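Visitor: Sharing upload.tsv below, TSV, C-alpha atoms:
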chain	number	residue	atom	x	y	z
A	1	MET	CA	-17.90	-139.84	-49.96
A	2	GLU	CA	-15.08	-139.84	-52.53
A	3	HIS	CA	-15.39	-140.65	-56.21
A	4	SER	CA	-12.52	-141.43	-58.58
A	5	ILE	CA	-13.96	-139.78	-61.70
A	6	GLY	CA	-10.78	-137.94	-62.60
A	7	LEU	CA	-10.01	-134.36	-63.52
A	8	ARG	CA	-9.96	-132.19	-66.63
A	9	LYS	CA	-6.64	-130.38	-66.82
A	10	ILE	CA	-5.52	-127.66	-69.20
A	11	LYS	CA	-1.87	-127.04	-70.05
A	12	PRO	CA	-0.95	-123.41	-69.18
A	13	TYR	CA	-1.15	-121.05	-72.16
A	14	PHE	CA	-0.64	-117.40	-73.03
A	15	PHE	CA	-3.87	-115.42	-73.27
A	16	LYS	CA	-5.01	-111.82	-73.70
A	17	HIS	CA	-8.19	-111.04	-71.78
A	18	GLN	CA	-10.00	-107.93	-72.99
A	19	THR	CA	-13.04	-106.23	-71.53
A	20	PHE	CA	-14.66	-102.86	-71.02
A	21	ALA	CA	-14.28	-101.48	-67.50
A	22	LYS	CA	-17.06	-102.34	-65.07
A	23	GLY	CA	-18.89	-99.41	-63.55
A	24	ARG	CA	-17.42	-100.10	-60.11
A	25	TRP	CA	-13.88	-99.74	-61.55
A	26	VAL	CA	-14.41	-96.21	-62.88
A	27	GLY	CA	-12.37	-93.64	-60.94
A	28	LYS	CA	-10.08	-96.23	-59.37
A	29	SER	CA	-6.42	-96.60	-60.24
A	30	ILE	CA	-5.73	-99.54	-62.53
A	31	LEU	CA	-3.65	-101.15	-59.77
A	32	ASP	CA	-6.40	-100.81	-57.16
A	33	ALA	CA	-9.04	-102.13	-59.56
A	34	PHE	CA	-7.08	-105.31	-60.31
A	35	SER	CA	-5.90	-105.85	-56.72
A	36	GLN	CA	-9.39	-105.38	-55.28
A	37	GLU	CA	-11.29	-107.31	-57.98
A	38	PHE	CA	-9.11	-110.37	-58.59
A	39	ARG	CA	-7.61	-112.72	-56.03
A	40	ASP	CA	-5.64	-115.15	-58.20
A	41	ARG	CA	-2.51	-112.91	-58.34
A	42	THR	CA	-0.78	-110.62	-55.85
A	43	PRO	CA	-0.80	-106.80	-55.97
A	44	GLU	CA	2.94	-107.04	-56.68
A	45	TYR	CA	2.22	-109.13	-59.76
A	46	TYR	CA	-0.35	-106.61	-61.04
A	47	ARG	CA	2.01	-103.68	-60.43
A	48	LYS	CA	4.77	-105.37	-62.44
A	49	ALA	CA	2.35	-106.35	-65.23
A	50	ILE	CA	1.16	-102.74	-65.53
A	51	GLU	CA	4.69	-101.35	-65.54
A	52	GLU	CA	5.74	-103.86	-68.22
A	53	GLY	CA	2.74	-103.07	-70.42
A	54	ARG	CA	0.98	-106.44	-70.04
A	55	ILE	CA	-2.01	-104.66	-68.50
A	56	THR	CA	-3.14	-101.71	-70.61
A	57	ILE	CA	-5.96	-99.16	-70.91
A	58	ASN	CA	-7.27	-98.46	-74.41
A	59	GLN	CA	-4.31	-100.40	-75.85
A	60	GLU	CA	-1.84	-97.98	-74.26
A	61	LYS	CA	0.79	-98.56	-71.57
A	62	VAL	CA	-0.11	-96.76	-68.33
A	63	GLN	CA	1.16	-96.27	-64.80
A	64	PRO	CA	-0.19	-98.19	-61.76
A	65	SER	CA	-1.74	-94.92	-60.55
A	66	THR	CA	-3.60	-94.20	-63.82
A	67	ARG	CA	-7.32	-93.77	-63.19
A	68	ILE	CA	-9.86	-95.79	-65.14
A	69	GLY	CA	-12.37	-93.74	-67.13
A	70	GLU	CA	-15.85	-94.64	-68.33
A	71	ASN	CA	-15.95	-97.14	-71.20
A	72	ALA	CA	-12.20	-97.78	-70.82
A	73	PHE	CA	-10.99	-100.85	-72.72
A	74	ILE	CA	-8.84	-103.01	-70.46
A	75	SER	CA	-6.41	-105.68	-71.71
A	76	HIS	CA	-4.39	-108.18	-69.68
A	77	TYR	CA	-1.85	-110.46	-71.38
A	78	SER	CA	-0.90	-113.30	-69.08
A	79	HIS	CA	0.23	-116.90	-68.82
A	80	ARG	CA	-3.02	-118.54	-67.77
A	81	HIS	CA	-3.10	-121.48	-65.37
A	82	GLU	CA	-6.64	-122.85	-65.27
A	83	PRO	CA	-7.66	-124.85	-62.19
A	84	ALA	CA	-8.59	-128.49	-62.68
A	85	ILE	CA	-12.27	-129.41	-62.77
A	86	THR	CA	-14.13	-132.71	-62.68
A	87	ALA	CA	-13.95	-134.97	-65.72
A	88	ALA	CA	-17.50	-136.19	-65.07
A	89	PRO	CA	-19.53	-136.28	-68.31
A	90	ILE	CA	-21.96	-133.49	-69.17
A	91	LYS	CA	-25.33	-135.20	-69.66
A	92	ILE	CA	-27.61	-133.78	-72.36
A	93	ILE	CA	-31.23	-133.74	-71.15
A	94	GLU	CA	-32.91	-132.08	-74.13
A	95	GLN	CA	-31.76	-130.78	-77.52
A	96	ASP	CA	-33.46	-129.35	-80.60
A	97	GLU	CA	-32.68	-126.64	-83.15
A	98	ASN	CA	-33.22	-123.84	-80.60
A	99	ILE	CA	-32.27	-125.15	-77.19
A	100	LEU	CA	-29.82	-127.34	-75.31
A	101	VAL	CA	-30.47	-128.45	-71.72
A	102	VAL	CA	-27.70	-130.18	-69.78
A	103	ASP	CA	-27.00	-131.56	-66.32
A	104	LYS	CA	-23.88	-129.64	-65.30
A	105	PRO	CA	-21.48	-131.47	-62.98
A	106	ALA	CA	-20.29	-129.51	-59.95
A	107	SER	CA	-16.93	-127.67	-60.23
A	108	ILE	CA	-17.46	-126.52	-63.84
A	109	PRO	CA	-18.13	-122.78	-64.35
A	110	VAL	CA	-20.89	-122.06	-66.85
A	111	HIS	CA	-18.97	-119.39	-68.78
A	112	PRO	CA	-15.43	-117.92	-68.77
A	113	THR	CA	-14.70	-116.12	-65.51
A	114	GLY	CA	-11.61	-115.38	-63.45
A	115	ARG	CA	-9.00	-118.09	-64.09
A	116	TYR	CA	-11.44	-120.28	-66.04
A	117	SER	CA	-11.86	-120.11	-69.81
A	118	LEU	CA	-11.35	-123.43	-71.62
A	119	ASN	CA	-12.43	-125.38	-68.53
A	120	THR	CA	-15.97	-124.00	-68.66
A	121	LEU	CA	-19.28	-125.52	-69.68
A	122	ILE	CA	-19.63	-123.27	-72.73
A	123	ASN	CA	-16.20	-124.03	-74.16
A	124	ILE	CA	-16.26	-127.74	-73.32
A	125	LEU	CA	-19.57	-128.11	-75.19
A	126	LYS	CA	-18.23	-126.13	-78.14
A	127	LYS	CA	-15.07	-128.23	-78.36
A	128	GLU	CA	-16.46	-131.68	-77.61
A	129	LYS	CA	-20.02	-131.43	-79.01
A	130	GLY	CA	-19.40	-129.06	-81.93
A	131	PHE	CA	-21.74	-126.23	-80.91
A	132	SER	CA	-20.88	-122.80	-82.36
A	133	ASN	CA	-23.24	-120.45	-80.51
A	134	LEU	CA	-24.40	-121.02	-76.95
A	135	TYR	CA	-26.34	-118.49	-74.87
A	136	PRO	CA	-26.76	-119.50	-71.20
A	137	VAL	CA	-30.22	-118.63	-69.91
A	138	ASN	CA	-29.59	-119.55	-66.27
A	139	ARG	CA	-26.25	-119.57	-64.51
A	140	LEU	CA	-25.27	-121.88	-61.68
A	141	ASP	CA	-22.42	-121.31	-59.26
A	142	ARG	CA	-19.29	-123.25	-60.18
A	143	LEU	CA	-19.70	-125.67	-57.26
A	144	THR	CA	-23.44	-126.19	-57.89
A	145	SER	CA	-24.64	-129.00	-60.15
A	146	GLY	CA	-27.78	-129.49	-62.19
A	147	ILE	CA	-29.96	-127.99	-64.92
A	148	VAL	CA	-28.41	-125.40	-67.24
A	149	ILE	CA	-30.52	-124.13	-70.15
A	150	LEU	CA	-28.63	-122.86	-73.19
A	151	ALA	CA	-30.27	-121.21	-76.18
A	152	LEU	CA	-28.76	-121.91	-79.60
A	153	THR	CA	-30.00	-118.65	-81.14
A	154	LYS	CA	-30.19	-115.08	-79.89
A	155	GLY	CA	-33.93	-115.04	-80.51
A	156	LYS	CA	-34.51	-118.08	-78.30
A	157	ALA	CA	-32.25	-116.62	-75.63
A	158	GLN	CA	-34.30	-113.41	-75.54
A	159	GLU	CA	-37.54	-115.40	-75.37
A	160	LEU	CA	-36.36	-117.53	-72.42
A	161	GLU	CA	-34.78	-114.59	-70.61
A	162	ALA	CA	-38.12	-112.75	-70.85
A	163	LEU	CA	-39.88	-115.72	-69.25
A	164	MET	CA	-37.35	-115.68	-66.42
A	165	HIS	CA	-37.56	-111.91	-66.00
A	166	ASP	CA	-41.36	-112.06	-65.83
A	167	ARG	CA	-41.12	-114.94	-63.33
A	168	LYS	CA	-42.98	-117.34	-65.60
A	169	MET	CA	-40.23	-119.94	-65.18
A	170	SER	CA	-40.28	-121.91	-61.92
A	171	LYS	CA	-37.11	-123.42	-60.43
A	172	GLU	CA	-36.59	-126.22	-57.96
A	173	TYR	CA	-33.33	-127.10	-56.22
A	174	VAL	CA	-32.36	-129.64	-53.56
A	175	CYS	CA	-29.67	-129.21	-50.93
A	176	GLN	CA	-28.32	-130.80	-47.75
A	177	VAL	CA	-28.18	-128.44	-44.76
A	178	THR	CA	-26.84	-128.63	-41.23
A	179	GLY	CA	-29.19	-129.70	-38.45
A	180	GLU	CA	-32.88	-130.56	-38.36
A	181	PHE	CA	-34.68	-128.17	-40.70
A	182	PRO	CA	-38.24	-127.29	-39.55
A	183	LYS	CA	-41.05	-129.45	-40.90
A	184	GLU	CA	-43.22	-126.54	-41.97
A	185	GLU	CA	-42.66	-124.69	-45.25
A	186	ILE	CA	-40.61	-121.50	-44.80
A	187	THR	CA	-40.45	-118.50	-47.15
A	188	VAL	CA	-37.60	-115.98	-46.88
A	189	THR	CA	-37.88	-112.53	-48.45
A	190	GLU	CA	-34.76	-110.86	-47.04
A	191	ARG	CA	-32.82	-108.72	-49.50
A	192	ILE	CA	-29.32	-109.81	-50.55
A	193	GLU	CA	-26.31	-107.55	-51.18
A	194	THR	CA	-22.94	-108.38	-52.74
A	195	VAL	CA	-20.37	-106.99	-50.28
A	196	SER	CA	-17.18	-108.22	-51.99
A	197	HIS	CA	-16.83	-109.07	-55.66
A	198	LYS	CA	-13.23	-110.17	-55.07
A	199	LEU	CA	-14.24	-112.69	-52.40
A	200	GLY	CA	-17.60	-113.49	-53.95
A	201	LEU	CA	-19.40	-112.75	-50.68
A	202	ASN	CA	-23.08	-111.92	-50.31
A	203	ILE	CA	-25.14	-111.22	-47.20
A	204	VAL	CA	-28.68	-110.40	-46.15
A	205	SER	CA	-28.92	-106.61	-46.08
A	206	PRO	CA	-31.68	-103.98	-46.36
A	207	LYS	CA	-29.47	-102.34	-49.03
A	208	GLY	CA	-29.58	-105.45	-51.19
A	209	LYS	CA	-31.83	-106.56	-54.03
A	210	GLU	CA	-35.25	-108.08	-53.45
A	211	CYS	CA	-35.29	-111.86	-53.08
A	212	LYS	CA	-37.71	-114.64	-52.34
A	213	THR	CA	-37.03	-118.32	-51.62
A	214	THR	CA	-39.35	-121.01	-50.30
A	215	PHE	CA	-37.94	-124.01	-48.44
A	216	GLU	CA	-39.47	-127.39	-47.58
A	217	ARG	CA	-37.83	-130.23	-45.68
A	218	MET	CA	-37.79	-133.54	-47.55
A	219	HIS	CA	-35.82	-135.76	-45.15
A	220	TYR	CA	-33.81	-135.64	-41.91
A	221	ASN	CA	-31.09	-138.25	-41.34
A	222	GLY	CA	-30.37	-137.40	-37.70
A	223	LYS	CA	-27.58	-134.95	-38.52
A	224	THR	CA	-28.43	-133.07	-41.70
A	225	SER	CA	-31.61	-132.32	-43.67
A	226	LEU	CA	-32.45	-132.68	-47.33
A	227	VAL	CA	-34.34	-129.52	-48.33
A	228	ARG	CA	-36.30	-128.55	-51.44
A	229	CYS	CA	-35.68	-124.93	-52.48
A	230	LYS	CA	-37.85	-122.82	-54.77
A	231	PRO	CA	-36.23	-119.45	-55.56
A	232	GLU	CA	-38.54	-116.94	-57.24
A	233	THR	CA	-35.69	-114.53	-57.92
A	234	GLY	CA	-32.17	-115.30	-59.10
A	235	ARG	CA	-29.65	-113.38	-57.01
A	236	THR	CA	-26.07	-114.54	-56.63
A	237	HIS	CA	-25.81	-117.18	-53.85
A	238	GLN	CA	-29.49	-116.58	-53.03
A	239	ILE	CA	-30.26	-120.08	-51.73
A	240	ARG	CA	-26.95	-120.31	-49.84
A	241	VAL	CA	-27.37	-116.91	-48.17
A	242	HIS	CA	-31.04	-117.39	-47.24
A	243	LEU	CA	-30.27	-120.79	-45.69
A	244	GLN	CA	-27.41	-119.30	-43.70
A	245	TYR	CA	-29.73	-116.52	-42.51
A	246	LEU	CA	-32.19	-119.16	-41.27
A	247	GLY	CA	-29.41	-120.93	-39.37
A	248	TYR	CA	-29.25	-123.98	-41.66
A	249	PRO	CA	-26.41	-123.40	-44.11
A	250	ILE	CA	-25.55	-125.98	-46.75
A	251	ALA	CA	-23.56	-128.51	-44.74
A	252	ASN	CA	-20.39	-128.53	-46.87
A	253	ASP	CA	-20.50	-124.90	-48.04
A	254	PRO	CA	-16.87	-123.66	-47.87
A	255	VAL	CA	-17.96	-120.01	-47.48
A	256	TYR	CA	-21.26	-119.81	-45.59
A	257	ALA	CA	-20.87	-122.80	-43.26
A	258	ASP	CA	-17.34	-122.14	-41.96
A	259	GLU	CA	-17.49	-121.58	-38.20
A	260	SER	CA	-13.91	-120.22	-38.15
A	261	ILE	CA	-15.14	-117.31	-40.30
A	262	TRP	CA	-18.70	-116.69	-39.06
A	263	GLY	CA	-18.49	-117.89	-35.44
A	264	PRO	CA	-20.67	-120.50	-33.71
A	265	GLU	CA	-23.95	-118.95	-34.96
A	266	LEU	CA	-22.73	-119.19	-38.59
A	267	GLY	CA	-24.30	-115.87	-39.53
A	268	LYS	CA	-27.81	-116.84	-38.40
A	269	GLY	CA	-30.10	-113.81	-38.47
A	270	GLY	CA	-27.55	-111.71	-40.37
A	271	VAL	CA	-24.39	-109.91	-39.32
A	272	SER	CA	-23.65	-106.40	-38.04
A	273	LYS	CA	-21.27	-103.98	-39.77
A	274	GLU	CA	-18.54	-104.83	-37.25
A	275	GLN	CA	-19.09	-108.57	-37.72
A	276	LEU	CA	-18.96	-108.17	-41.49
A	277	GLU	CA	-15.59	-106.44	-41.26
A	278	GLN	CA	-14.28	-109.40	-39.25
A	279	VAL	CA	-15.75	-111.89	-41.74
A	280	LEU	CA	-14.11	-110.12	-44.68
A	281	ALA	CA	-10.75	-110.03	-42.90
A	282	LYS	CA	-10.95	-113.74	-42.07
A	283	LEU	CA	-11.92	-114.64	-45.64
A	284	GLU	CA	-8.94	-112.66	-46.94
A	285	GLU	CA	-6.69	-114.46	-44.46
A	286	LYS	CA	-8.13	-117.84	-45.40
A	287	GLY	CA	-7.58	-117.11	-49.09
A	288	SER	CA	-3.96	-116.15	-48.45
A	289	GLU	CA	-3.37	-119.34	-46.46
A	290	GLU	CA	-4.91	-121.47	-49.22
A	291	ASP	CA	-2.82	-119.68	-51.85
A	292	SER	CA	0.40	-120.40	-49.95
A	293	SER	CA	-0.37	-124.02	-49.01
A	294	GLY	CA	-0.03	-127.03	-51.25
A	295	LYS	CA	2.13	-125.18	-53.76
A	296	LEU	CA	4.44	-127.14	-55.99
A	297	GLN	CA	7.03	-125.82	-58.44
A	298	LYS	CA	7.14	-122.32	-59.91
A	299	CYS	CA	6.10	-121.96	-63.55
A	300	PRO	CA	9.16	-121.26	-65.78
A	301	ASP	CA	7.13	-118.84	-67.92
A	302	CYS	CA	5.66	-116.68	-65.14
A	303	ASP	CA	5.67	-116.20	-61.36
A	304	PHE	CA	2.74	-118.55	-60.79
A	305	PHE	CA	3.20	-121.52	-58.47
A	306	GLU	CA	1.45	-124.71	-59.49
A	307	SER	CA	-0.92	-126.06	-56.81
A	308	GLU	CA	-1.93	-129.54	-55.83
A	309	ASP	CA	-4.98	-131.05	-57.50
A	310	PRO	CA	-8.28	-130.30	-55.73
A	311	LYS	CA	-9.63	-133.01	-53.46
A	312	PRO	CA	-13.02	-134.57	-54.36
A	313	GLU	CA	-14.74	-132.78	-51.47
A	314	GLU	CA	-13.49	-129.43	-52.81
A	315	LEU	CA	-15.24	-129.90	-56.15
A	316	CYS	CA	-18.86	-129.52	-55.07
A	317	ILE	CA	-21.35	-128.24	-52.57
A	318	TRP	CA	-24.54	-130.12	-51.75
A	319	LEU	CA	-26.76	-127.93	-53.91
A	320	HIS	CA	-28.35	-129.15	-57.15
A	321	ALA	CA	-30.68	-127.52	-59.69
A	322	LEU	CA	-33.28	-130.29	-60.03
A	323	LYS	CA	-36.06	-128.84	-62.21
A	324	TYR	CA	-36.91	-125.85	-64.41
A	325	GLN	CA	-40.49	-125.53	-65.61
A	326	CYS	CA	-42.73	-123.29	-67.72
A	327	GLN	CA	-46.28	-123.66	-68.93
A	328	ASP	CA	-45.17	-125.53	-72.08
A	329	TRP	CA	-42.21	-127.58	-70.86
A	330	THR	CA	-40.42	-129.20	-67.91
A	331	TYR	CA	-36.73	-130.09	-67.71
A	332	GLU	CA	-35.64	-132.28	-64.80
A	333	THR	CA	-32.57	-134.24	-63.72
A	334	GLU	CA	-32.20	-137.24	-61.46
A	335	MET	CA	-31.46	-136.63	-57.78
A	336	PRO	CA	-27.72	-136.11	-57.23
A	337	ALA	CA	-25.63	-139.01	-55.93
A	338	TRP	CA	-24.85	-137.27	-52.62
A	339	ALA	CA	-28.58	-136.99	-51.83
A	340	HIS	CA	-28.93	-140.80	-52.01
A	341	GLU	CA	-25.71	-141.39	-50.09
A	342	LEU	CA	-26.70	-139.04	-47.25
A	343	ASN	CA	-30.38	-139.98	-47.08
A	344	GLY	CA	-30.67	-143.51	-48.40
A	345	ASP	CA	-33.58	-144.40	-50.69
A	346	ILE	CA	-35.39	-141.07	-51.08
Mind converting the file's structure to structure tokens?
Guide:
Amino acid sequence: MEHSIGLRKIKPYFFKHQTFAKGRWVGKSILDAFSQEFRDRTPEYYRKAIEEGRITINQEKVQPSTRIGENAFISHYSHRHEPAITAAPIKIIEQDENILVVDKPASIPVHPTGRYSLNTLINILKKEKGFSNLYPVNRLDRLTSGIVILALTKGKAQELEALMHDRKMSKEYVCQVTGEFPKEEITVTERIETVSHKLGLNIVSPKGKECKTTFERMHYNGKTSLVRCKPETGRTHQIRVHLQYLGYPIANDPVYADESIWGPELGKGGVSKEQLEQVLAKLEEKGSEEDSSGKLQKCPDCDFFESEDPKPEELCIWLHALKYQCQDWTYETEMPAWAHELNGDI
């Protein structure tokens, strides 16, 4: 299931990222905060950047051991190497003076995050379509495709966010999961907790935030099932984590359907504290192996090694935001290509 659409590539450039310290950073050393939060560079790189004054607190050079205070202003001047993303076109579904609704291709982050800035939905639309202000109302994972609603004014953004907060906006996704999903409708209300911001890992946990997702099987092809998903809340990785908990993870999910990380049960029914420690260690190891494999030449302007282009199967997971609906409007995309390829004429 490979497609030769091509890739968007950005030439490396120098960039100063500035932000106020997140609450979870307060009290940590600047070195620990960067090493624990970000996985695109090594702790050795961050130590050197701090010592050379490329990472600062409140515009001042600090030591790696300097503790981060509340409301600290963090700056990081670096030579940025953005990963390639798909060159698939961004289809506009609806547009007026207040709103823009698009069908986001998989692999494109919605907004700047981590190593992505220019190669993001927001900045691509600004550059190629001429938009000046864009306020994302819903946010999809980078590897997820489908409906993204963007307000063009702050007032419209607040109005739509209130609808979402009050659960007056319904959402419908489709996904392809492992195995034969049950025929009856299933609702999952297990809480979800983020256990590693660096690894982007979430699990079912009583300490997590309340969640609710309803699932309904649409088709079974003898190996995998096409499933309709209706999340009532909007937690990070909610659909992916709830499906894993049920024992039917998204079939090509690189995190939640990897047997080498979760074992033969793939996290069905949740994991114990001891199992979670093993999962985190294996994910760290997997990330290190991926970072060291497929590397090409070293950048002459920094210590970053260029990597091979991502393969088509690494650019998406089989999860698509199909429909968003309120009392006064409905925005809907076509079924994704992989759904037709895996299930025929659905």
Visitor: Can you work out which one of A:Leu125, A:Ala84, A:Leu296, A:Cys175 has the shortest atom-to-atom distance to Tyr248 (chain A), counting only C-alpha atoms?
Guide: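 Distance minimum relative to Tyr248 (chain A) lands on A:Cys175.
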Visitor: Which of these, A:Cys299, A:Ile93, A:Ile147, A:Ile30, has the shortest distance to Val62 (chain A) once you count all atoms listed in the file?
Guide: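 Checking each candidate against Val62 (chain A), we get A:Ile30 as the closest.
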Visitor: With distances taken over all atoms listed in the file, which residue among A:His79, A:Lys11, A:Pro105, A:Thr56 lies nearest Asp303 (chain A)?
Guide: A:His79
Visitor: From the set A:Arg167, A:Leu199, A:Phe181, A:Glu193, which residue has the shortest atom-to-atom contact distance to Arg235 (chain A), counting only C-alpha atoms?
Guide: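 Distance minimum relative to Arg235 (chain A) lands on A:Glu193.
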Visitor: Could you check the closest approach to Arg24 (chain A) for each of A:Lys61, A:Lys9, A:Arg115, A:His197 and tell me which residue wins, using all atoms listed in the file?
Guide: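 The answer is A:His197, which sits nearest to Arg24 (chain A).
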Visitor: For CA of His76 (chain A) and CA of Leu118 (chain A), determine how far apart the two atoms are, in Å to one decimal place.
Guide: 16.9 Å
